[in-house]
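Scroll down for the structure; my scribbles are underneath it.
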Amino acid sequence: MKARHYGALMLALASGLLLSACSDDDNPVKGLLSDEPEPVIWRFALEEIGGSVQDAWAQEFRRRIEVLSDGQIQVEVYPYGSIGTSPQLTRLVTDGRVHLAFASPGHVADDIPEAGVFLLPFLFPENDGANRKVLADNELRELLQAGWQDAGLQLLDLVPEGWMIWTANRALDTPDDFSGLRMRTMTAPQQAEVFRAWGADPVHLPYSEVYDALQLGQVDGQSNPAFAIAEMNFHEVQSVMTAPKATRFVASVVSNRDWYRNLDEEHRQWVDAARSGMPEFIDEIQRDYNRRRLQQLRESGRITLEQLTDEQRARFLEASLPAREAYRARAGERGERILQRVQALSGP
Ligand code: 6CS
């Protein structure tokens, strides 16, 4: 993200807020044009580009809100690249300049250590339906909500976007294969701890810099779902995908906590109505995007795919356990309760 783009948008957002703060008396043309009330604008910032899973969620949310409010509320969706990097988007939400955003644990665990639970490998159920049940558990949601609220955010939804697939220019079949590998990680230290436990040399980078860093050899590998590997063209600069079924990419949908709490009752009901039923909608979309794009990646002839066996996965699980301890140390008592709840719900 170029600093000048971010600066220009901040200026535009700041002036937008100033304009919306003007009274009717300040507006010389109001009343000359129409009696229709101006629509209320909600800004929604994405960590992914147009055509992504996050974009599908946001476009569906926009459509539902506009129907529910009969056009009184319009949702402006800002795809990745138009505002800022993930940590910048979260800051725009906490500052109240953007109303809604995606905040993935790999970035937001810096501010919300409890979010690091989603970065721990081999913890959540392998089955998608069972995983959904865990994510929907009320006790777990309340514990997570408390963590998000401490950071000034309202947790509106959790969106699984598919299994993370590792890419590199070699297969990563055992923890030894990670030895010395400069692995790109998202910006929260907790993601780095997992790869460090496997012997890699983690390098934090924003999403927008990964392609160039891989191409220039500044990093050797990265990890993302198939749809993201394809849409960011990582397969052009990497030759092997390894699918470990270790972690899913789970993003959170957030708003500013005070904005959500101070919404008109009716507006809050619209938000809640719009997001109910979204899990079924997005699960189908993400499965479809990941299936189709994995197929495209394989057909591209530029990258191969390896699936880890259960035995290989067991070695990675064992080697990852120090990252669980690091999560406990960072996320404290609430983090421990979250971990125990996930374990209890996920079974052995
Ligand atoms: O790797 C990342 O940084 C990004 N990956 C995805 C699939 N979504 C957003 C996130 O920032």
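Numbering starts fresh at 1 for the residues of each chain in the structure tokens, the chains themselves are lettered A, B, ... in the order given, and ligands are numbered from 1 as they appear.
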Practice task
For ligand 1, list the contacting residues at 10 Å or closer, counting only C-alpha atoms and all ligand atoms, as a PyMOL selection string.
Solution key: chain A and resi 46-49+52-54+80+85-87+102-108+160-164+184-187+204-210+222-229+231-232+248-251
Handout entry: In range 117-180 of chain A, DSSP strand (DSSP E) residues written as a list in words
Key = Leu153, Gln154, Leu155, Leu156, Asp157, Leu158, Val159, Pro160, Glu161, Gly162, Trp163, Ile165, Trp166, Thr167 and Ala168 of chain A
Would you mind exporting N, CA, C and O atoms of the selected residues as an mmCIF file, in the first residue's frame?
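Final output, selection_7.cif:
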data_model
loop_
_atom_site.group_PDB
_atom_site.id
_atom_site.type_symbol
_atom_site.label_atom_id
_atom_site.label_comp_id
_atom_site.auth_asym_id
_atom_site.auth_seq_id
_atom_site.Cartn_x
_atom_site.Cartn_y
_atom_site.Cartn_z
ATOM 1 N N LEU A 153 -13.454 -3.172 19.383
ATOM 2 C CA LEU A 153 -14.130 -3.731 18.198
ATOM 3 C C LEU A 153 -15.329 -4.574 18.602
ATOM 4 O O LEU A 153 -15.327 -5.198 19.673
ATOM 5 N N GLN A 154 -16.330 -4.602 17.752
ATOM 6 C CA GLN A 154 -17.462 -5.513 17.918
ATOM 7 C C GLN A 154 -17.234 -6.660 16.943
ATOM 8 O O GLN A 154 -17.054 -6.416 15.737
ATOM 9 N N LEU A 155 -17.227 -7.877 17.458
ATOM 10 C CA LEU A 155 -17.069 -9.043 16.582
ATOM 11 C C LEU A 155 -18.433 -9.401 16.010
ATOM 12 O O LEU A 155 -19.337 -9.788 16.749
ATOM 13 N N LEU A 156 -18.597 -9.248 14.706
ATOM 14 C CA LEU A 156 -19.908 -9.481 14.082
ATOM 15 C C LEU A 156 -20.027 -10.885 13.495
ATOM 16 O O LEU A 156 -21.101 -11.456 13.460
ATOM 17 N N ASP A 157 -18.931 -11.415 12.987
ATOM 18 C CA ASP A 157 -19.007 -12.751 12.411
ATOM 19 C C ASP A 157 -17.603 -13.341 12.289
ATOM 20 O O ASP A 157 -16.608 -12.604 12.289
ATOM 21 N N LEU A 158 -17.568 -14.663 12.186
ATOM 22 C CA LEU A 158 -16.314 -15.365 11.910
ATOM 23 C C LEU A 158 -16.509 -16.083 10.583
ATOM 24 O O LEU A 158 -17.515 -16.775 10.396
ATOM 25 N N VAL A 159 -15.584 -15.904 9.687
ATOM 26 C CA VAL A 159 -15.771 -16.403 8.315
ATOM 27 C C VAL A 159 -14.623 -17.353 7.939
ATOM 28 O O VAL A 159 -13.507 -16.894 7.640
ATOM 29 N N PRO A 160 -14.862 -18.668 7.965
ATOM 30 C CA PRO A 160 -13.813 -19.581 7.489
ATOM 31 C C PRO A 160 -13.671 -19.454 5.965
ATOM 32 O O PRO A 160 -14.664 -19.507 5.249
ATOM 33 N N GLU A 161 -12.426 -19.248 5.516
ATOM 34 C CA GLU A 161 -12.222 -19.003 4.079
ATOM 35 C C GLU A 161 -11.491 -20.156 3.393
ATOM 36 O O GLU A 161 -11.064 -20.017 2.251
ATOM 37 N N GLY A 162 -11.334 -21.277 4.104
ATOM 38 C CA GLY A 162 -10.695 -22.433 3.462
ATOM 39 C C GLY A 162 -9.394 -22.810 4.151
ATOM 40 O O GLY A 162 -8.839 -22.042 4.938
ATOM 41 N N TRP A 163 -8.923 -24.032 3.830
ATOM 42 C CA TRP A 163 -7.667 -24.531 4.413
ATOM 43 C C TRP A 163 -6.474 -23.741 3.899
ATOM 44 O O TRP A 163 -6.385 -23.455 2.701
ATOM 45 N N ILE A 165 -2.853 -23.441 2.553
ATOM 46 C CA ILE A 165 -1.929 -24.295 1.785
ATOM 47 C C ILE A 165 -0.574 -23.590 1.785
ATOM 48 O O ILE A 165 -0.496 -22.382 1.555
ATOM 49 N N TRP A 166 0.482 -24.344 2.086
ATOM 50 C CA TRP A 166 1.819 -23.739 2.069
ATOM 51 C C TRP A 166 2.342 -23.756 0.629
ATOM 52 O O TRP A 166 2.164 -24.744 -0.092
ATOM 53 N N THR A 167 3.004 -22.700 0.232
ATOM 54 C CA THR A 167 3.695 -22.727 -1.067
ATOM 55 C C THR A 167 5.177 -22.423 -0.846
ATOM 56 O O THR A 167 5.546 -21.697 0.078
ATOM 57 N N ALA A 168 6.001 -23.018 -1.700
ATOM 58 C CA ALA A 168 7.457 -22.787 -1.669
ATOM 59 C C ALA A 168 8.001 -23.319 -2.997
ATOM 60 O O ALA A 168 7.221 -23.715 -3.872
#
Problem - Selection: 7 Å around Ile282 in chain A, only C-alpha atoms, excl. self and same-chain fewer than 4 positions, as a PyMOL selection string - result: chain A and resi 57+278+286
What does the file look like for those residues with all heavy atoms, as a short mmCIF file (atom, residue, chain, number, x, y, z; two decimals), in the first residue's frame?
data_model
loop_
_atom_site.label_atom_id
_atom_site.label_comp_id
_atom_site.auth_asym_id
_atom_site.auth_seq_id
_atom_site.Cartn_x
_atom_site.Cartn_y
_atom_site.Cartn_z
N TRP A 57 -18.74 -11.86 0.74
CA TRP A 57 -19.46 -11.63 2.01
C TRP A 57 -19.96 -10.18 2.06
O TRP A 57 -21.14 -9.92 2.35
CB TRP A 57 -18.54 -11.92 3.20
CG TRP A 57 -19.24 -12.14 4.52
CD1 TRP A 57 -19.50 -13.36 5.11
CD2 TRP A 57 -19.77 -11.15 5.42
NE1 TRP A 57 -20.15 -13.18 6.31
CE2 TRP A 57 -20.33 -11.83 6.53
CE3 TRP A 57 -19.83 -9.76 5.40
CZ2 TRP A 57 -20.94 -11.17 7.60
CZ3 TRP A 57 -20.45 -9.10 6.47
CH2 TRP A 57 -21.00 -9.80 7.54
N MET A 278 -25.72 -15.73 6.99
CA MET A 278 -24.50 -15.55 6.19
C MET A 278 -23.57 -16.77 6.23
O MET A 278 -22.91 -17.07 5.23
CB MET A 278 -23.73 -14.30 6.65
CG MET A 278 -24.37 -13.01 6.19
SD MET A 278 -24.46 -12.85 4.40
CE MET A 278 -23.03 -11.87 4.09
N GLN A 286 -17.15 -20.08 -0.36
CA GLN A 286 -15.71 -20.36 -0.17
C GLN A 286 -15.35 -21.75 -0.69
O GLN A 286 -14.29 -21.92 -1.30
CB GLN A 286 -15.25 -20.10 1.27
CG GLN A 286 -15.63 -21.08 2.34
CD GLN A 286 -14.75 -22.31 2.42
OE1 GLN A 286 -13.74 -22.40 1.71
NE2 GLN A 286 -15.14 -23.28 3.22
#
Considering only C-alpha atoms, tabulate each residue of range 233-320 of chain A that lies at most 12 Å from range 62-72 of chain A along with its nearest interatomic pair and the corresponding distance in Å to one decimal; arrange the rows by chain and ascending residue number and present them as JSON lines.
{"residue": "A:Glu266", "atom": "CA", "partner": "A:Ser69", "partner_atom": "CA", "distance": 9.1}
{"residue": "A:His267", "atom": "CA", "partner": "A:Ser69", "partner_atom": "CA", "distance": 8.1}
{"residue": "A:Arg268", "atom": "CA", "partner": "A:Ile65", "partner_atom": "CA", "distance": 10.6}
{"residue": "A:Gln269", "atom": "CA", "partner": "A:Leu68", "partner_atom": "CA", "distance": 9.6}
{"residue": "A:Trp270", "atom": "CA", "partner": "A:Leu68", "partner_atom": "CA", "distance": 6.4}
{"residue": "A:Val271", "atom": "CA", "partner": "A:Ile65", "partner_atom": "CA", "distance": 7.0}
{"residue": "A:Asp272", "atom": "CA", "partner": "A:Ile65", "partner_atom": "CA", "distance": 9.8}
{"residue": "A:Ala273", "atom": "CA", "partner": "A:Leu68", "partner_atom": "CA", "distance": 8.4}
{"residue": "A:Ala274", "atom": "CA", "partner": "A:Arg64", "partner_atom": "CA", "distance": 5.6}
{"residue": "A:Arg275", "atom": "CA", "partner": "A:Arg64", "partner_atom": "CA", "distance": 8.6}
{"residue": "A:Ser276", "atom": "CA", "partner": "A:Arg64", "partner_atom": "CA", "distance": 10.5}
{"residue": "A:Gly277", "atom": "CA", "partner": "A:Arg64", "partner_atom": "CA", "distance": 10.9}
{"residue": "A:Met278", "atom": "CA", "partner": "A:Arg64", "partner_atom": "CA", "distance": 10.3}
Practice task
Have a look at CA of Gly51 in chain A and CA of Asp283 in chain A and let me know their distance in Å, one decimal.
Solution key: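 Answer for the CA of Gly51 in chain A to CA of Asp283 in chain A separation: 15.3 Å.
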Using only C-alpha atoms, which residues of range 17-131 of chain A come within 9 Å of range 297-320 of chain A, and what is the closest atom pair for each, with the distance in Å to one decimal? Give it as CSV, sorted by chain and residue number.
residue,atom,partner,partner_atom,distance
A:Leu120,CA,A:Ser320,CA,8.0
A:Pro121,CA,A:Leu317,CA,6.8
A:Phe122,CA,A:Leu317,CA,6.3
Export of the given selection (N, CA and C atoms) as a JSON list (two decimals), in the first residue's frame:
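Output file part_24.json follows:
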[["chain", "number", "residue", "atom", "x", "y", "z"],
["A", 120, "LEU", "N", -3.52, -21.67, 15.57],
["A", 120, "LEU", "CA", -2.91, -22.90, 16.09],
["A", 120, "LEU", "C", -3.29, -24.09, 15.23],
["A", 121, "PRO", "N", -2.29, -24.83, 14.76],
["A", 121, "PRO", "CA", -2.58, -25.93, 13.83],
["A", 121, "PRO", "C", -3.20, -27.14, 14.53],
["A", 122, "PHE", "N", -4.01, -27.88, 13.78],
["A", 122, "PHE", "CA", -4.58, -29.16, 14.21],
["A", 122, "PHE", "C", -5.40, -29.02, 15.49]]
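The closest residue to Pro189 in chain A, picked from A:Asp258, A:Glu60, A:Asp95, A:Asp111 and counting only C-alpha atoms, is A:Asp111.
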Problem - Interatomic distance (Å, one decimal) between CA of Arg97 in chain A and CA of Glu114 in chain A - result: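 About the pair CA of Arg97 in chain A and CA of Glu114 in chain A: they are 24.7 Å apart.
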Exercise for the section: For CA of Ser239 in chain A and CA of Gln218 in chain A, determine how far apart the two atoms are, in Å to one decimal place. Expected result: 15.9 Å
